[in-house]
Amino acid sequence: MDSTPYQLDTVDLEARVKSIYELVANFPQQEFHFETGRNLAERLGYLPDDLDRVPTEAVESFAGVGYFHDLAALQPGERVLDLGSGSGMDTFLASVAVGREGSVIGVDITAAQIAKARRLAEGFANVEFREGRLEERAVDNGAIDCVISNGVINLVPDKARAFAAAARAVRPGGRLAIADIVADTEMPTSITCDASLWAACIGGAMQRDQFLAIIEGAGFRIETVRPNEAYQFLSRQAQKATSKYGVASISVLARRE
């Protein structure tokens, strides 16, 4: 590991993340350092018939890294919290799964994503979108049956706080079903303290064992860890990190103890 003193500029990181995902919301057809849209969703495992049931514009702005809805196994009447909901594709899919008796709350830090998701939510009476950070309290303690998230927690500097907040939100016996980016080995601080690489979904990729340990430390019991081999990194930096540090996407199912 390198010994050069680095420190992550979290203010810069937040600004970069908001800037990128504002573009994802408003101009999803342009090229990014990651894939977006329906082709990505289907390759990751989302069923075409399911995608047809949610707003097309939400699917166009999808920027997730894996599939987890089979792990979540949402049931009619359940209450769901979507952390880093973006333009709402996973939120709307959860809405369909839980039905009229259930409810889904999406939380995102980017105002443009929230604005788009709220506009698309007409006709989804059981959906609400809130602007906020994943590390902060979004609902009452124990109010949620299942927390979902797709490719967002790697962007959060304090992952322990994010998972602790998720654990507080979930009732005992409830679930956490997520997809995110991790690494096989610890990366040097020249990468982990580079805000531009965090925004590219690389710098914030925690070592896999540590990532899972933080989930368990928050009060969850890991039940399933599954690689998302269909997910591909586009940028040259990301591809180098994939080969050198084993950066990859996984889906995780955990249960609140």
# chains A, B, ... in the order shown; residues from 1 in each chain; ligands from 1
>>> select_by_dssp(residues="segment 32-203 of chain A", states="strand (DSSP E)", output="ChimeraX atom specification")
/A:79-83,103-108,127-131,144-150,170-183
>>> closest_atom_pairs(of="segment 136-247 of chain A", to="segment 38-52 of chain A", cutoff="10 Å", atoms="only C-alpha atoms", output="tab-separated table")
residue	atom	partner	partner_atom	distance
A:Asn228	CA	A:Leu44	CA	7.2
A:Glu229	CA	A:Leu44	CA	8.4
A:Ala230	CA	A:Leu44	CA	5.7
A:Tyr231	CA	A:Leu44	CA	6.6
A:Gln232	CA	A:Leu40	CA	9.3
>>> closest_residue(among="A:Leu134, A:Val24, A:Glu122, A:Gln7", to="Pro188 of chain A", atoms="only C-alpha atoms")
A:Gln7
>>> closest_atom_pairs(of="segment 116-148 of chain A", to="segment 83-105 of chain A", cutoff="6 Å", atoms="only C-alpha atoms", output="CSV")
residue,atom,partner,partner_atom,distance
A:Lys116,CA,A:Ser87,CA,5.9
A:Ala117,CA,A:Ser87,CA,4.6
A:Asn126,CA,A:Ser103,CA,4.7
A:Val127,CA,A:Val104,CA,4.9
A:Glu128,CA,A:Ile105,CA,4.8
A:Phe129,CA,A:Ile105,CA,5.7
>>> write_last_selection(atoms="N, CA, C and O atoms", output="compact mmCIF listing (two decimals), in the first residue's frame")
# COMPACT_ATOMS: atom_id res chain seq x y z
N LYS A 116 -37.71 14.13 -11.16
CA LYS A 116 -38.14 13.25 -12.25
C LYS A 116 -38.99 12.11 -11.71
O LYS A 116 -40.06 11.78 -12.26
N ALA A 117 -38.53 11.48 -10.63
CA ALA A 117 -39.26 10.36 -10.05
C ALA A 117 -40.65 10.78 -9.59
O ALA A 117 -41.63 10.05 -9.80
N ASN A 126 -49.06 4.38 -4.10
CA ASN A 126 -48.37 3.85 -2.92
C ASN A 126 -46.89 4.19 -2.90
O ASN A 126 -46.11 3.57 -2.17
N VAL A 127 -46.48 5.19 -3.71
CA VAL A 127 -45.07 5.56 -3.82
C VAL A 127 -44.84 6.99 -3.36
O VAL A 127 -45.64 7.88 -3.65
N GLU A 128 -43.74 7.21 -2.64
CA GLU A 128 -43.34 8.55 -2.22
C GLU A 128 -41.83 8.69 -2.40
O GLU A 128 -41.08 7.75 -2.12
N PHE A 129 -41.40 9.85 -2.88
CA PHE A 129 -39.97 10.12 -3.04
C PHE A 129 -39.55 11.27 -2.14
O PHE A 129 -40.21 12.30 -2.09
